[in-house]
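Data from upload22.pdb: PDB, C-alpha atoms, pLDDT in the B column
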```
ATOM      1  CA  MET P  28       0.000   0.000   0.000  1.00 66.00           C
ATOM      2  CA  THR P  29       1.477   3.359  -1.012  1.00 79.00           C
ATOM      3  CA  MET P  30       1.763   6.301   1.353  1.00 69.00           C
ATOM      4  CA  HIS P  31      -0.853   8.195  -0.694  1.00 73.00           C
ATOM      5  CA  THR P  32      -3.283   5.286  -0.432  1.00 79.00           C
ATOM      6  CA  GLN P  33      -2.715   5.086   3.328  1.00 80.00           C
ATOM      7  CA  ASP P  34      -3.319   8.828   3.686  1.00 84.00           C
ATOM      8  CA  GLU P  35      -6.530   8.626   1.675  1.00 87.00           C
ATOM      9  CA  ALA P  36      -7.769   5.667   3.741  1.00 91.00           C
ATOM     10  CA  GLU P  37      -7.030   7.575   6.951  1.00 90.00           C
ATOM     11  CA  LEU P  38      -8.831  10.668   5.643  1.00 92.00           C
ATOM     12  CA  LYS P  39     -11.842   8.575   4.716  1.00 94.00           C
ATOM     13  CA  LYS P  40     -12.027   7.190   8.268  1.00 95.00           C
ATOM     14  CA  LEU P  41     -11.606  10.664   9.744  1.00 96.00           C
ATOM     15  CA  ARG P  42     -14.287  12.090   7.471  1.00 95.00           C
ATOM     16  CA  TRP P  43     -16.657   9.463   8.832  1.00 96.00           C
ATOM     17  CA  ARG P  44     -15.718  10.399  12.414  1.00 96.00           C
ATOM     18  CA  CYS P  45     -16.407  14.063  11.606  1.00 96.00           C
ATOM     19  CA  ARG P  46     -20.022  13.211  10.815  1.00 95.00           C
ATOM     20  CA  ARG P  47     -21.841  14.216  13.962  1.00 93.00           C
ATOM     21  CA  GLY P  48     -25.438  14.301  12.755  1.00 89.00           C
ATOM     22  CA  MET P  49     -25.525  18.067  13.126  1.00 93.00           C
ATOM     23  CA  LYS P  50     -24.852  19.790   9.810  1.00 95.00           C
ATOM     24  CA  GLU P  51     -23.074  22.765  11.355  1.00 94.00           C
ATOM     25  CA  LEU P  52     -20.670  20.581  13.346  1.00 96.00           C
ATOM     26  CA  ASP P  53     -20.063  18.370  10.337  1.00 96.00           C
ATOM     27  CA  GLN P  54     -19.149  21.411   8.250  1.00 96.00           C
ATOM     28  CA  LEU P  55     -16.796  22.863  10.858  1.00 96.00           C
ATOM     29  CA  LEU P  56     -14.925  19.612  11.428  1.00 98.00           C
ATOM     30  CA  GLU P  57     -14.766  18.647   7.751  1.00 97.00           C
ATOM     31  CA  ARG P  58     -13.582  22.138   6.778  1.00 97.00           C
ATOM     32  CA  TRP P  59     -10.587  21.766   9.087  1.00 97.00           C
ATOM     33  CA  LEU P  60      -9.976  18.236   7.865  1.00 96.00           C
ATOM     34  CA  ASP P  61      -9.994  19.403   4.232  1.00 94.00           C
ATOM     35  CA  ARG P  62      -7.944  22.554   4.728  1.00 95.00           C
ATOM     36  CA  ALA P  63      -5.525  21.812   7.548  1.00 95.00           C
ATOM     37  CA  TRP P  64      -5.089  18.091   8.244  1.00 94.00           C
ATOM     38  CA  ARG P  65      -2.428  17.375   5.611  1.00 92.00           C
ATOM     39  CA  GLN P  66      -0.252  20.333   6.654  1.00 94.00           C
ATOM     40  CA  SER P  67      -0.709  19.891  10.398  1.00 95.00           C
ATOM     41  CA  PRO P  68       2.086  18.562  12.581  1.00 96.00           C
ATOM     42  CA  THR P  69       1.555  15.255  14.355  1.00 95.00           C
ATOM     43  CA  GLN P  70       0.806  16.935  17.686  1.00 97.00           C
ATOM     44  CA  GLU P  71      -2.028  19.005  16.195  1.00 97.00           C
ATOM     45  CA  ARG P  72      -3.436  15.920  14.492  1.00 96.00           C
ATOM     46  CA  GLU P  73      -3.478  14.168  17.868  1.00 97.00           C
ATOM     47  CA  VAL P  74      -5.367  17.113  19.379  1.00 98.00           C
ATOM     48  CA  PHE P  75      -7.910  16.877  16.555  1.00 98.00           C
ATOM     49  CA  LEU P  76      -8.398  13.179  17.294  1.00 97.00           C
ATOM     50  CA  ARG P  77      -8.992  14.021  20.963  1.00 98.00           C
ATOM     51  CA  LEU P  78     -11.472  16.670  19.880  1.00 98.00           C
ATOM     52  CA  LEU P  79     -13.359  14.061  17.854  1.00 98.00           C
ATOM     53  CA  ASP P  80     -13.679  11.952  21.020  1.00 97.00           C
ATOM     54  CA  SER P  81     -15.764  14.717  22.622  1.00 97.00           C
ATOM     55  CA  GLU P  82     -19.536  14.545  22.865  1.00 96.00           C
ATOM     56  CA  ASP P  83     -21.557  16.438  20.260  1.00 96.00           C
ATOM     57  CA  ASP P  84     -23.339  18.722  22.716  1.00 95.00           C
ATOM     58  CA  ARG P  85     -20.017  19.706  24.258  1.00 97.00           C
ATOM     59  CA  LEU P  86     -18.515  20.368  20.823  1.00 97.00           C
ATOM     60  CA  TRP P  87     -21.482  22.534  19.940  1.00 96.00           C
ATOM     61  CA  ARG P  88     -21.132  24.642  23.100  1.00 97.00           C
ATOM     62  CA  TRP P  89     -17.402  25.083  22.431  1.00 98.00           C
ATOM     63  CA  PHE P  90     -17.858  26.107  18.811  1.00 97.00           C
ATOM     64  CA  LEU P  91     -20.643  28.545  19.695  1.00 95.00           C
ATOM     65  CA  GLY P  92     -18.461  30.041  22.408  1.00 96.00           C
ATOM     66  CA  TYR P  93     -20.793  29.176  25.300  1.00 97.00           C
ATOM     67  CA  GLU P  94     -18.036  27.179  26.985  1.00 97.00           C
ATOM     68  CA  THR P  95     -14.278  26.823  26.721  1.00 97.00           C
ATOM     69  CA  PRO P  96     -12.577  23.430  26.842  1.00 98.00           C
ATOM     70  CA  ASP P  97     -10.461  22.802  29.949  1.00 97.00           C
ATOM     71  CA  ASP P  98      -7.753  21.334  27.714  1.00 98.00           C
ATOM     72  CA  VAL P  99      -5.781  24.325  26.390  1.00 98.00           C
ATOM     73  CA  GLU P 100      -4.690  22.458  23.248  1.00 98.00           C
ATOM     74  CA  ILE P 101      -8.281  21.593  22.372  1.00 98.00           C
ATOM     75  CA  ALA P 102      -9.362  25.165  23.171  1.00 98.00           C
ATOM     76  CA  ALA P 103      -6.718  26.523  20.777  1.00 98.00           C
ATOM     77  CA  LEU P 104      -7.781  24.111  18.039  1.00 98.00           C
ATOM     78  CA  VAL P 105     -11.457  24.992  18.503  1.00 98.00           C
ATOM     79  CA  GLU P 106     -10.541  28.651  17.991  1.00 97.00           C
ATOM     80  CA  ARG P 107      -8.486  27.802  14.929  1.00 96.00           C
ATOM     81  CA  ILE P 108     -11.364  25.823  13.429  1.00 97.00           C
ATOM     82  CA  ARG P 109     -13.841  28.600  14.251  1.00 96.00           C
ATOM     83  CA  SER P 110     -11.623  31.136  12.496  1.00 95.00           C
ATOM     84  CA  LEU P 111     -11.378  29.241   9.207  1.00 94.00           C
ATOM     85  CA  PRO P 112     -13.097  31.181   6.434  1.00 91.00           C
ATOM     86  CA  VAL P 113     -16.305  29.653   5.119  1.00 86.00           C
TER      87      VAL P 113
END
```

Mind converting the file's structure to structure tokens?
Amino acid sequence: MTMHTQDEAELKKLRWRCRRGMKELDQLLERWLDRAWRQSPTQEREVFLRLLDSEDDRLWRWFLGYETPDDVEIAALVERIRSLPV
């Protein structure tokens, strides 16, 4: 399996994990995946994976700015995702 094929398989799995059943969350997470995943360092990718482990209602409150994650790395990534142009 080539490196490109492995990357595409990983992206396909991540795209599925980004599907939250709430269109707005799906769009936010997929936008970051499409625009930033490939260029992101390993540490930021790991933070994104931790973010995906969060519950949908918590994600929604973070992205709307009603709450701030306790984890400073996740909080920084949430802000980065929120700031991506539509």

Problem set entry | Which of P:Ala63, P:Val113, P:Leu52, P:Ala36 sits closest to Arg85 of chain P [using all atoms listed in the file] |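 Closest to Arg85 of chain P of all the choices is P:Leu52.
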
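Residue membership of the PyMOL selection byres ((chain P and resi 42) around 10) in the shown file amounts to Ala36, Glu37, Leu38, Lys39, Lys40, Leu41, Trp43, Arg44, Cys45, Arg46, Asp53, Leu56, Glu57, Leu60 and Asp61 of chain P.
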
Exercise. Within 12 Å of (-9.8, 28.1, 10.4), in the coordinates the file gives, what residues turn up when you count all atoms listed in the file, written out as a list in words?
Worked result: Gln54, Leu55, Leu56, Glu57, Arg58, Trp59, Leu60, Asp61, Arg62, Ala63, Trp64, Phe90, Ala103, Leu104, Val105, Glu106, Arg107, Ile108, Arg109, Ser110, Leu111, Pro112 and Val113 of chain P

Export of the given selection (C-alpha atoms) as a PDB file, in the frame of the given file:
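again14.pdb written:
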```pdb
ATOM      1  CA  GLN P  54     -19.149  21.411   8.250  1.00 96.00           C
ATOM      2  CA  LEU P  55     -16.796  22.863  10.858  1.00 96.00           C
ATOM      3  CA  LEU P  56     -14.925  19.612  11.428  1.00 98.00           C
ATOM      4  CA  GLU P  57     -14.766  18.647   7.751  1.00 97.00           C
ATOM      5  CA  ARG P  58     -13.582  22.138   6.778  1.00 97.00           C
ATOM      6  CA  TRP P  59     -10.587  21.766   9.087  1.00 97.00           C
ATOM      7  CA  LEU P  60      -9.976  18.236   7.865  1.00 96.00           C
ATOM      8  CA  ASP P  61      -9.994  19.403   4.232  1.00 94.00           C
ATOM      9  CA  ARG P  62      -7.944  22.554   4.728  1.00 95.00           C
ATOM     10  CA  ALA P  63      -5.525  21.812   7.548  1.00 95.00           C
ATOM     11  CA  TRP P  64      -5.089  18.091   8.244  1.00 94.00           C
ATOM     12  CA  PHE P  90     -17.858  26.107  18.811  1.00 97.00           C
ATOM     13  CA  ALA P 103      -6.718  26.523  20.777  1.00 98.00           C
ATOM     14  CA  LEU P 104      -7.781  24.111  18.039  1.00 98.00           C
ATOM     15  CA  VAL P 105     -11.457  24.992  18.503  1.00 98.00           C
ATOM     16  CA  GLU P 106     -10.541  28.651  17.991  1.00 97.00           C
ATOM     17  CA  ARG P 107      -8.486  27.802  14.929  1.00 96.00           C
ATOM     18  CA  ILE P 108     -11.364  25.823  13.429  1.00 97.00           C
ATOM     19  CA  ARG P 109     -13.841  28.600  14.251  1.00 96.00           C
ATOM     20  CA  SER P 110     -11.623  31.136  12.496  1.00 95.00           C
ATOM     21  CA  LEU P 111     -11.378  29.241   9.207  1.00 94.00           C
ATOM     22  CA  PRO P 112     -13.097  31.181   6.434  1.00 91.00           C
ATOM     23  CA  VAL P 113     -16.305  29.653   5.119  1.00 86.00           C
TER      24      VAL P 113
END
```

Exercise. Which residue, P:Ile101, P:Pro68, P:Thr95, P:Gly48, has the smallest gap to Asp83 of chain P when you use all atoms listed in the file?
Worked result: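 The shortest atom-to-atom distance to Asp83 of chain P comes from P:Gly48.
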
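When only C-alpha atoms are used to measure the gap to Val99 of chain P, the shortest distance among P:Val74, P:Thr29, P:Asp34, P:Thr69 belongs to P:Val74.
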
For this session: Identify, on the basis of only C-alpha atoms, every residue whose closest approach to Gln70 of chain P does not exceed 10 Å; exclude the query and any residue fewer than 5 positions from it along the same chain; express the result as a PyMOL selection string.
Result: chain P and resi 75-76+100

Quick one: axis-aligned box around all listed atoms of segment 94-111 of chain P, 6 Å on every side, centre and edge lengths in Å to one decimal, written as JSON.
```
{"center_x": -11.4, "center_y": 26.2, "center_z": 19.6, "size_x": 25.3, "size_y": 21.8, "size_z": 32.7}
```

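Proximity to Arg47 of chain P was assessed for P:Leu79, P:Asp98, P:Thr32, P:Trp89 counting all atoms listed in the file; the smallest distance is recorded for P:Leu79.
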
Exercise. So how many Å separate atom CA of Pro96 of chain P and atom CA of Ser81 of chain P, to one decimal?
Worked result: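 Atom CA of Ser81 of chain P lies at a distance of 10.2 Å from atom CA of Pro96 of chain P.
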
For this session: Please indicate the distance in Å from atom CA of Gln66 of chain P to atom CA of Leu78 of chain P, rounded to one decimal place.
Result: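 Atom CA of Leu78 of chain P lies 17.7 Å from atom CA of Gln66 of chain P.
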
Problem set entry | Distance in Å - atom CA of His31 of chain P versus atom CA of Glu71 of chain P |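 Between atom CA of His31 of chain P and atom CA of Glu71 of chain P the gap works out to 20.1 Å.
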